[in-house]
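upload.cif (mmCIF, C-alpha atoms)
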```
data_protein
#
loop_
_atom_site.label_atom_id
_atom_site.label_comp_id
_atom_site.auth_asym_id
_atom_site.auth_seq_id
_atom_site.Cartn_x
_atom_site.Cartn_y
_atom_site.Cartn_z
CA MET A 1 21.37 -24.34 13.33
CA ASN A 2 23.65 -27.15 12.25
CA VAL A 3 22.86 -27.56 8.58
CA SER A 4 24.17 -31.11 8.36
CA LYS A 5 21.74 -32.28 11.07
CA SER A 6 18.70 -30.15 10.25
CA GLY A 7 17.19 -32.67 7.83
CA TYR A 8 16.55 -30.13 5.10
CA ARG A 9 18.38 -27.99 2.59
CA VAL A 10 17.44 -24.75 0.88
CA PHE A 11 18.67 -24.21 -2.68
CA SER A 12 18.31 -21.37 -5.14
CA ALA A 13 17.66 -22.37 -8.75
CA ASN A 14 18.47 -18.93 -10.18
CA SER A 15 21.53 -18.33 -12.32
CA THR A 16 21.49 -14.52 -11.86
CA THR A 17 22.72 -12.75 -8.73
CA ALA A 18 19.77 -10.34 -8.52
CA SER A 19 17.31 -13.24 -8.39
CA THR A 20 19.03 -14.90 -5.42
CA GLU A 21 18.49 -11.99 -3.00
CA LEU A 22 15.18 -13.34 -1.70
CA ALA A 23 16.71 -16.78 -1.19
CA LYS A 24 19.51 -15.23 0.88
CA LYS A 25 17.03 -13.36 3.07
CA ILE A 26 15.00 -16.52 3.66
CA THR A 27 18.03 -18.59 4.65
CA GLU A 28 19.22 -15.83 6.99
CA ARG A 29 15.87 -15.94 8.79
CA LEU A 30 16.03 -19.74 8.99
CA GLY A 31 19.60 -19.69 10.26
CA VAL A 32 20.86 -22.06 7.56
CA GLU A 33 23.25 -21.74 4.67
CA LEU A 34 22.14 -21.75 1.06
CA GLY A 35 22.68 -25.17 -0.50
CA LYS A 36 25.79 -25.65 -2.62
CA SER A 37 24.85 -25.81 -6.27
CA VAL A 38 25.81 -24.23 -9.56
CA VAL A 39 23.21 -23.05 -12.08
CA TYR A 40 24.47 -21.54 -15.30
CA GLN A 41 23.89 -21.15 -19.02
CA GLU A 42 26.24 -22.84 -21.46
CA ALA A 43 27.45 -21.16 -24.63
CA ASN A 44 24.52 -22.58 -26.60
CA ARG A 45 22.06 -21.20 -23.96
CA GLU A 46 21.30 -24.64 -22.51
CA THR A 47 20.80 -24.69 -18.73
CA ARG A 48 23.10 -26.78 -16.59
CA VAL A 49 22.61 -27.55 -12.88
CA ASP A 50 25.23 -29.18 -10.65
CA VAL A 51 24.31 -30.06 -7.04
CA LYS A 52 27.51 -30.00 -4.98
CA GLU A 53 26.37 -31.85 -1.81
CA SER A 54 24.44 -34.93 -0.77
CA VAL A 55 20.66 -34.55 -0.49
CA ARG A 56 19.76 -38.20 0.11
CA GLY A 57 16.77 -38.56 2.42
CA GLN A 58 16.47 -34.79 2.94
CA ASP A 59 13.58 -32.34 2.57
CA ILE A 60 14.73 -29.99 -0.19
CA PHE A 61 13.31 -26.50 -0.70
CA ILE A 62 14.04 -24.85 -4.06
CA ILE A 63 13.55 -21.08 -4.02
CA GLN A 64 12.90 -19.78 -7.51
CA THR A 65 12.11 -16.14 -8.13
CA ILE A 66 11.04 -15.29 -11.66
CA PRO A 67 13.08 -12.57 -13.44
CA ARG A 68 12.25 -11.13 -16.84
CA ASP A 69 13.58 -14.22 -18.60
CA VAL A 70 10.65 -16.35 -17.50
CA ASN A 71 11.28 -19.40 -19.64
CA THR A 72 14.91 -19.72 -18.55
CA ALA A 73 13.80 -19.55 -14.91
CA ILE A 74 11.27 -22.33 -15.51
CA MET A 75 13.91 -24.57 -17.10
CA GLU A 76 16.29 -23.89 -14.19
CA LEU A 77 13.60 -24.98 -11.75
CA LEU A 78 12.66 -28.09 -13.71
CA ILE A 79 16.27 -29.23 -14.15
CA MET A 80 17.12 -28.50 -10.50
CA ALA A 81 14.07 -30.49 -9.32
CA TYR A 82 14.93 -33.42 -11.56
CA ALA A 83 18.56 -33.39 -10.43
CA LEU A 84 17.45 -33.54 -6.81
CA LYS A 85 14.92 -36.28 -7.57
CA THR A 86 17.59 -38.47 -9.16
CA SER A 87 19.84 -37.71 -6.16
CA CYS A 88 17.29 -39.43 -3.87
CA ALA A 89 15.91 -36.37 -2.07
CA LYS A 90 13.03 -37.33 0.23
CA ASN A 91 10.71 -34.41 -0.60
CA ILE A 92 11.22 -31.60 -3.10
CA ILE A 93 9.27 -28.44 -2.27
CA GLY A 94 9.24 -25.55 -4.73
CA VAL A 95 9.12 -22.06 -3.19
CA ILE A 96 7.82 -20.01 -6.12
CA PRO A 97 6.55 -16.67 -4.74
CA TYR A 98 5.29 -15.52 -8.14
CA PHE A 99 3.92 -18.41 -10.20
CA PRO A 100 4.62 -17.74 -13.90
CA TYR A 101 1.99 -18.05 -16.60
CA SER A 102 -0.70 -17.65 -13.94
CA LYS A 103 -2.63 -15.26 -16.19
CA GLN A 104 -2.93 -18.02 -18.79
CA CYS A 105 -5.21 -20.13 -16.62
CA LYS A 106 -8.31 -19.94 -18.84
CA MET A 107 -9.03 -21.00 -22.38
CA ARG A 108 -8.88 -18.12 -24.88
CA LYS A 109 -10.27 -18.96 -28.30
CA ARG A 110 -7.93 -21.62 -29.74
CA GLY A 111 -5.23 -21.06 -27.16
CA SER A 112 -4.19 -23.33 -24.32
CA ILE A 113 -4.21 -23.35 -20.54
CA VAL A 114 -0.46 -22.93 -20.14
CA CYS A 115 -0.65 -22.76 -16.35
CA LYS A 116 -2.04 -26.33 -16.27
CA LEU A 117 0.77 -27.47 -18.56
CA LEU A 118 3.38 -25.94 -16.24
CA ALA A 119 1.80 -27.63 -13.22
CA SER A 120 2.09 -31.00 -14.96
CA MET A 121 5.71 -30.33 -15.92
CA LEU A 122 6.64 -29.49 -12.31
CA ALA A 123 5.05 -32.69 -11.04
CA LYS A 124 6.84 -34.74 -13.68
CA ALA A 125 10.18 -33.13 -12.77
CA GLY A 126 9.80 -34.34 -9.18
CA LEU A 127 8.23 -31.58 -7.11
CA THR A 128 6.02 -32.88 -4.28
CA HIS A 129 4.75 -29.59 -2.82
CA ILE A 130 4.66 -25.89 -3.75
CA ILE A 131 4.71 -22.72 -1.66
CA THR A 132 3.55 -19.70 -3.61
CA MET A 133 1.93 -16.34 -2.93
CA ASP A 134 -1.24 -14.68 -4.22
CA LEU A 135 -2.01 -16.83 -7.24
CA HIS A 136 -3.76 -14.83 -9.95
CA GLN A 137 -6.73 -17.18 -9.61
CA LYS A 138 -7.13 -19.42 -6.56
CA GLU A 139 -8.55 -22.17 -8.77
CA ILE A 140 -5.03 -22.70 -10.13
CA GLN A 141 -4.39 -24.86 -7.06
CA GLY A 142 -6.65 -27.46 -8.66
CA PHE A 143 -4.20 -27.86 -11.57
CA PHE A 144 -1.70 -29.62 -9.32
CA SER A 145 -1.59 -33.26 -8.25
CA PHE A 146 0.24 -32.36 -5.01
CA PRO A 147 -0.33 -29.84 -2.16
CA VAL A 148 -0.10 -26.11 -2.86
CA ASP A 149 0.16 -23.50 -0.08
CA ASN A 150 -1.01 -20.18 -1.48
CA LEU A 151 0.27 -17.61 1.03
CA ARG A 152 -1.04 -14.03 1.19
CA ALA A 153 0.85 -10.75 1.08
CA SER A 154 -2.09 -8.64 2.29
CA PRO A 155 -1.00 -8.50 5.98
CA PHE A 156 2.32 -6.93 4.91
CA LEU A 157 0.69 -4.46 2.52
CA ILE A 158 -1.95 -3.50 5.08
CA GLN A 159 0.79 -2.93 7.65
CA TYR A 160 2.56 -0.66 5.16
CA ILE A 161 -0.62 1.35 4.65
CA GLN A 162 -1.09 1.79 8.39
CA GLU A 163 2.52 2.72 9.12
CA GLU A 164 3.74 4.54 6.01
CA ILE A 165 0.75 6.41 4.58
CA PRO A 166 0.05 9.55 6.62
CA ASP A 167 -3.63 10.13 7.37
CA TYR A 168 -4.59 6.76 5.89
CA ARG A 169 -7.91 7.05 7.73
CA ASN A 170 -8.87 9.55 5.04
CA ALA A 171 -8.18 6.97 2.32
CA ILE A 172 -10.50 4.93 0.15
CA ILE A 173 -9.69 1.52 -1.32
CA VAL A 174 -10.16 1.38 -5.09
CA ALA A 175 -10.66 -1.61 -7.39
CA LYS A 176 -9.47 -0.74 -10.89
CA SER A 177 -12.04 -3.13 -12.37
CA PRO A 178 -15.13 -4.99 -11.13
CA SER A 179 -13.14 -8.25 -11.18
CA ALA A 180 -10.81 -6.82 -8.50
CA ALA A 181 -13.68 -5.66 -6.28
CA LYS A 182 -13.61 -8.65 -3.92
CA ARG A 183 -9.92 -8.18 -3.15
CA ALA A 184 -10.45 -4.43 -2.64
CA GLN A 185 -13.44 -5.09 -0.38
CA SER A 186 -11.31 -7.39 1.78
CA TYR A 187 -8.71 -4.63 2.26
CA ALA A 188 -11.41 -2.02 2.92
CA GLU A 189 -13.11 -4.12 5.59
CA ARG A 190 -9.88 -4.81 7.49
CA LEU A 191 -8.76 -1.17 7.31
CA ARG A 192 -12.29 0.10 8.11
CA LEU A 193 -12.26 2.23 4.96
CA GLY A 194 -14.65 2.95 2.13
CA LEU A 195 -14.66 1.22 -1.25
CA ALA A 196 -14.75 2.56 -4.81
CA VAL A 197 -14.80 0.64 -8.09
CA ILE A 198 -13.67 1.81 -11.52
CA HIS A 199 -16.01 0.50 -14.17
CA GLY A 200 -15.63 0.49 -17.95
CA GLU A 201 -12.52 1.02 -20.04
CA ALA A 202 -10.84 3.38 -22.45
CA GLN A 203 -12.15 3.10 -25.96
CA CYS A 204 -10.12 1.07 -28.49
CA SER A 205 -8.52 -0.89 -25.67
CA GLU A 206 -6.07 -3.64 -26.60
CA SER A 207 -7.97 -5.97 -24.25
CA ASP A 208 -10.75 -6.12 -26.85
CA MET A 209 -8.90 -8.89 -28.64
CA ALA A 210 -8.10 -10.80 -25.46
CA ASP A 211 -11.48 -11.09 -23.78
CA GLY A 212 -13.30 -12.68 -26.71
CA ARG A 213 -15.90 -9.99 -27.26
CA HIS A 214 -15.42 -10.23 -31.05
CA SER A 215 -15.63 -14.02 -31.11
CA PRO A 216 -17.87 -15.29 -32.60
CA PRO A 217 -18.39 -12.54 -35.21
CA SER A 218 -21.71 -10.72 -34.98
CA SER A 219 -22.73 -11.50 -38.59
CA ARG A 220 -24.15 -14.84 -39.64
CA THR A 221 -22.17 -16.86 -42.16
CA THR A 222 -23.57 -19.21 -44.75
CA THR A 223 -20.83 -21.81 -44.50
CA GLY A 224 -21.55 -25.21 -43.02
CA HIS A 225 -25.03 -26.62 -42.46
CA THR A 226 -27.43 -24.09 -43.95
CA GLY A 227 -30.41 -25.55 -42.11
CA LEU A 228 -28.93 -24.73 -38.69
CA GLU A 229 -30.09 -21.34 -37.37
CA LEU A 230 -28.27 -20.32 -34.19
CA PRO A 231 -29.31 -17.26 -32.18
CA LEU A 232 -27.34 -14.13 -33.07
CA MET A 233 -24.75 -13.46 -30.35
CA MET A 234 -24.15 -9.78 -29.66
CA ALA A 235 -20.59 -8.61 -29.02
CA LYS A 236 -19.79 -7.34 -25.53
CA GLU A 237 -19.50 -3.59 -25.11
CA LYS A 238 -18.13 -1.84 -22.06
CA PRO A 239 -19.05 1.76 -21.21
CA PRO A 240 -16.47 4.57 -20.86
CA ILE A 241 -14.55 4.67 -17.59
CA THR A 242 -16.58 5.75 -14.57
CA VAL A 243 -15.95 5.65 -10.82
CA VAL A 244 -18.55 4.10 -8.54
CA GLY A 245 -17.92 5.73 -5.15
CA ASP A 246 -16.82 9.14 -3.86
CA VAL A 247 -13.05 9.73 -4.00
CA GLY A 248 -13.15 13.53 -3.75
CA GLY A 249 -10.67 14.89 -1.19
CA ARG A 250 -9.48 11.38 -0.34
CA ILE A 251 -6.32 9.30 -0.65
CA ALA A 252 -7.00 6.64 -3.30
CA ILE A 253 -5.33 3.25 -2.76
CA ILE A 254 -5.64 0.88 -5.74
CA VAL A 255 -5.04 -2.77 -4.80
CA ASP A 256 -4.31 -5.66 -7.15
CA ASP A 257 -2.27 -8.86 -7.27
CA ILE A 258 -0.01 -8.06 -10.26
CA ILE A 259 1.30 -4.84 -11.72
CA ASP A 260 2.94 -5.48 -15.07
CA ASP A 261 1.98 -3.24 -17.97
CA VAL A 262 0.92 -0.10 -16.12
CA GLU A 263 -1.24 1.63 -18.73
CA ASP A 264 -4.46 0.59 -16.95
CA PHE A 265 -3.13 1.85 -13.61
CA VAL A 266 -2.01 5.16 -15.14
CA ALA A 267 -5.43 5.63 -16.76
CA ALA A 268 -7.14 4.81 -13.45
CA ALA A 269 -4.93 7.34 -11.63
CA GLU A 270 -5.89 10.06 -14.10
CA ILE A 271 -9.59 9.33 -13.62
CA LEU A 272 -9.21 9.38 -9.83
CA LYS A 273 -7.36 12.72 -10.01
CA GLU A 274 -10.16 14.14 -12.12
CA ARG A 275 -12.65 12.95 -9.48
CA GLY A 276 -10.78 14.79 -6.73
CA ALA A 277 -8.39 12.29 -5.16
CA TYR A 278 -5.34 14.19 -3.93
CA LYS A 279 -2.95 11.23 -3.54
CA ILE A 280 -2.85 7.91 -5.36
CA TYR A 281 -1.11 4.74 -4.20
CA ILE A 282 -0.85 1.39 -5.98
CA MET A 283 -0.51 -1.73 -3.79
CA ALA A 284 0.30 -5.02 -5.50
CA THR A 285 1.91 -8.31 -4.53
CA HIS A 286 3.92 -8.98 -7.67
CA GLY A 287 5.79 -6.07 -9.26
CA LEU A 288 6.68 -7.36 -12.72
CA LEU A 289 6.91 -3.79 -14.06
CA SER A 290 7.71 -4.78 -17.63
CA ALA A 291 8.73 -2.65 -20.60
CA GLU A 292 8.33 1.09 -20.01
CA ALA A 293 6.55 0.72 -16.66
CA PRO A 294 9.08 2.72 -14.54
CA ARG A 295 9.02 5.68 -16.92
CA LEU A 296 5.22 5.67 -17.21
CA ILE A 297 4.85 5.55 -13.42
CA GLU A 298 7.32 8.41 -12.97
CA GLU A 299 5.45 10.59 -15.46
CA SER A 300 1.97 9.71 -14.17
CA ALA A 301 -0.30 11.03 -11.42
CA ILE A 302 0.60 8.02 -9.25
CA ASP A 303 2.37 9.07 -6.04
CA GLU A 304 3.73 5.68 -4.99
CA VAL A 305 3.76 2.04 -6.14
CA VAL A 306 4.23 -0.50 -3.35
CA VAL A 307 5.08 -4.09 -4.25
CA THR A 308 6.64 -7.05 -2.44
CA ASN A 309 9.98 -8.69 -3.26
CA THR A 310 8.43 -11.82 -4.80
CA VAL A 311 9.92 -10.65 -8.12
CA PRO A 312 13.32 -8.92 -8.42
CA HIS A 313 12.84 -5.28 -9.47
CA GLU A 314 15.93 -3.40 -8.29
CA VAL A 315 16.62 -2.04 -11.78
CA GLN A 316 13.10 -0.60 -11.99
CA LYS A 317 13.52 1.05 -8.57
CA LEU A 318 16.64 2.82 -9.81
CA GLN A 319 14.66 4.12 -12.78
CA CYS A 320 11.68 5.24 -10.70
CA PRO A 321 11.97 6.36 -7.04
CA LYS A 322 8.19 6.07 -6.65
CA ILE A 323 8.52 2.25 -6.46
CA LYS A 324 8.76 0.93 -2.88
CA THR A 325 9.35 -2.64 -1.68
CA VAL A 326 7.85 -4.66 1.17
CA ASP A 327 9.82 -7.70 2.33
CA VAL A 328 7.84 -10.96 2.59
CA SER A 329 10.77 -13.28 3.34
CA MET A 330 9.47 -13.69 6.92
CA ILE A 331 6.32 -15.59 5.96
CA LEU A 332 8.12 -17.69 3.33
CA ALA A 333 10.78 -18.70 5.87
CA GLU A 334 8.11 -19.58 8.43
CA ALA A 335 6.25 -21.67 5.84
CA ILE A 336 9.44 -23.62 5.12
CA ARG A 337 10.05 -24.23 8.82
CA ARG A 338 6.47 -25.40 9.45
CA ILE A 339 6.38 -27.75 6.47
CA HIS A 340 9.67 -29.37 7.42
CA ASN A 341 8.57 -29.80 11.06
CA GLY A 342 5.13 -31.09 10.09
CA GLU A 343 3.36 -28.19 11.82
CA SER A 344 0.01 -26.71 10.84
CA MET A 345 0.02 -23.89 8.29
CA ALA A 346 -3.21 -22.42 9.69
CA TYR A 347 -1.35 -19.78 11.70
CA LEU A 348 -0.08 -18.19 8.47
CA PHE A 349 -3.66 -17.79 7.23
CA ARG A 350 -5.18 -16.28 10.37
CA ASN A 351 -7.49 -13.32 9.74
CA ILE A 352 -7.16 -13.93 6.00
CA ALA A 353 -10.38 -13.43 4.06
CA VAL A 354 -11.49 -15.92 1.41
CA ASP A 355 -11.40 -13.17 -1.24
CA ASP A 356 -7.87 -12.02 -0.43
#
```
Is it possible to give me this structure as structure tokens?
Amino acid sequence: MNVSKSGYRVFSANSTTASTELAKKITERLGVELGKSVVYQEANRETRVDVKESVRGQDIFIIQTIPRDVNTAIMELLIMAYALKTSCAKNIIGVIPYFPYSKQCKMRKRGSIVCKLLASMLAKAGLTHIITMDLHQKEIQGFFSFPVDNLRASPFLIQYIQEEIPDYRNAIIVAKSPSAAKRAQSYAERLRLGLAVIHGEAQCSESDMADGRHSPPSSRTTTGHTGLELPLMMAKEKPPITVVGDVGGRIAIIVDDIIDDVEDFVAAAEILKERGAYKIYIMATHGLLSAEAPRLIEESAIDEVVVTNTVPHEVQKLQCPKIKTVDVSMILAEAIRRIHNGESMAYLFRNIAVDD
């Protein structure tokens, strides 16, 4: 394809080489060259972006994968978008396979909905459209004032299960919590497999502080208006971990959208082993794999962790050979092509369940 006549450009907003790998794969599939730009950190850690070619009247796609330094990646994207906006780009489409801060999409005590703040910042910087994949909550799309295409990785992960897991017909799909049951059910129905759900949690879990079960406190206080008697609100209490469903003599496949801190997955794997599962796989779209995740996976009962390349994780793969990668550049490249040509995106969502 002749880049100068194609009517669109594809840029990478990442300053690190490892984070540009996905952008290179996407441009190879599209048959175009990566746009000429320089993104770097100055001595005082400020981000600088220089666009080295004309973008006037063009559709511009900015591919931004999110490495461990999340906040730097966000600033790179914002500054790149604003630079393109002031350079008279026609449309600026952000290709953000993993949308950062997506877990902070609900109010927690006196916190804030950071995901909504980020959506507003992207719109202000000049973005007119976003392509992302497997948002942590689909309602996040409502935070934006412009179109959001939330692609799915499930077809690629299901294909991996069918082609790479021997005797997958003897498997059972497992949700590591009731909140993940709908996603697990979607996988189970398409693979024609059974479903199991892990319910409860380990005692003294760190999530106690996050889910608000101790707010408000269970005891009444005498401060404030003494004549106001509110009903006593009991704190939430979850039972010890149990498995709903028979996993004995089966291959257990745990599915989720994000695998970051792996303690919950390791604990789930131990429970499944105790219940008789003889192999345990983890399937997730976004492999953040923070902190000691590679070491914990290597030492655990988990046989394999399969993630997509929405987030760079080559270092973690070197530390843990159990981590495998599925390439999703194909669907991202096709989404770019269809948006630029004004074609329907429905084909990319065929056979996709609502709960995926």
Which residues are close to Ala153 in chain A, i.e. within 8 Å by only C-alpha atoms, leaving aside same-chain residues fewer than 5 positions away? Reply as a list in words.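 So, after excluding close chain neighbours, the residues are Met133, Asp134, Thr285, Thr308 and Val328 of chain A.
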Identify the residues within 6 Å of coordinate (-8.0, -0.1, -13.4) (same frame as the file), considering all atoms listed in the file, and give the answer as a PyMOL selection string. chain A and resi 176-177+264-265+268
Spatial neighbours of Glu299 in chain A, max dist 12 Å, all atoms listed in the file, sep filter under 6 positions, as a list in words: Val262, Glu263, Val266, Ala269, Glu270, Glu292, Ala293, Gln319, Cys320, Pro321 and Lys322 of chain A
Report the distance between CA of Thr47 in chain A and CA of Phe144 in chain A in Å, rounded to one decimal place.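 Computing the Euclidean distance for CA of Thr47 in chain A and CA of Phe144 in chain A yields 24.9 Å.
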Contact table range 264-352 of chain A vs range 186-193 of chain A, cut-off 12 Å, shortest pair per residue, only C-alpha atoms, as a Markdown table:
```
| residue | atom | partner | partner_atom | distance |
| --- | --- | --- | --- | --- |
| A:Met283 | CA | A:Tyr187 | CA | 10.6 |
| A:Ala284 | CA | A:Tyr187 | CA | 11.9 |
| A:Asn351 | CA | A:Arg190 | CA | 9.1 |
| A:Ile352 | CA | A:Ser186 | CA | 8.8 |
```
Minimum-distance residue to Glu334 in chain A, chosen among A:Glu304, A:Glu28, A:Asp355, A:Asp59 (using only C-alpha atoms):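 Ranking A:Glu304, A:Glu28, A:Asp355, A:Asp59 by distance to Glu334 in chain A, first place goes to A:Glu28.
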For a test of reading the model, state the distance in Å between CA of Ile282 in chain A and CA of Ile323 in chain A, rounded to one decimal.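 Interatomic distance here is 9.4 Å.
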Care to translate the PyMOL selection byres ((chain A and resi 103) around 9) into actual residues of this file, as a ChimeraX atom specification? /A:100-102,104-106,114-115,136-137
Name the residues that the PyMOL selection byres ((chain A and resi 8-12) around 6) pulls out of this structure, and write them as a PyMOL selection string. chain A and resi 6-7+13-14+34-35+58-63
Kindly indicate which residue among A:Pro312, A:Met233, A:Asp167, A:Ile198 lies nearest to Lys279 in chain A, using all atoms listed in the file for the distances.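 Going through A:Pro312, A:Met233, A:Asp167, A:Ile198 one by one, the smallest distance to Lys279 in chain A is for A:Asp167.
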Point-to-point distance from CA of Lys317 in chain A to CA of Ile173 in chain A, Å rounded to tenths: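 Pair CA of Lys317 in chain A / CA of Ile173 in chain A returns 24.3 Å.
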Here's the selection I'm unsure about, the PyMOL selection byres ((chain A and resi 280) around 12); applied to the file above, which residues does it give, as a count of residues only? 42
Taking all atoms listed in the file into account, name the residue in A:Ile66, A:Leu157, A:Met345, A:Met80 that is nearest to Lys324 in chain A.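 Closest candidate: A:Leu157.
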Any idea what's packed within 7 Å of Ile131 in chain A, counting all atoms listed in the file, ignoring anything in its chain fewer than 4 positions away? Could you give it as a PyMOL selection string? chain A and resi 94-96+148-150
Quick one: write out the picked residues with C-alpha atoms as an mmCIF file, in the coordinates of the input?
```
data_model
loop_
_atom_site.group_PDB
_atom_site.id
_atom_site.type_symbol
_atom_site.label_atom_id
_atom_site.label_comp_id
_atom_site.auth_asym_id
_atom_site.auth_seq_id
_atom_site.Cartn_x
_atom_site.Cartn_y
_atom_site.Cartn_z
ATOM 1 C CA GLY A 94 9.240 -25.550 -4.730
ATOM 2 C CA VAL A 95 9.120 -22.060 -3.190
ATOM 3 C CA ILE A 96 7.820 -20.010 -6.120
ATOM 4 C CA VAL A 148 -0.100 -26.110 -2.860
ATOM 5 C CA ASP A 149 0.160 -23.500 -0.080
ATOM 6 C CA ASN A 150 -1.010 -20.180 -1.480
#
```
Residue nearest Asn91 in chain A - candidates A:Glu76, A:Ser179, A:His129, A:Arg68, atoms counted: all atoms listed in the file: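 Using all atoms listed in the file, the shortest distance to Asn91 in chain A belongs to A:His129.
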Residue nearest Leu332 in chain A - candidates A:His286, A:Arg350, A:Arg29, A:Arg48, atoms counted: all atoms listed in the file: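 Nearest to Leu332 in chain A: A:Arg29.
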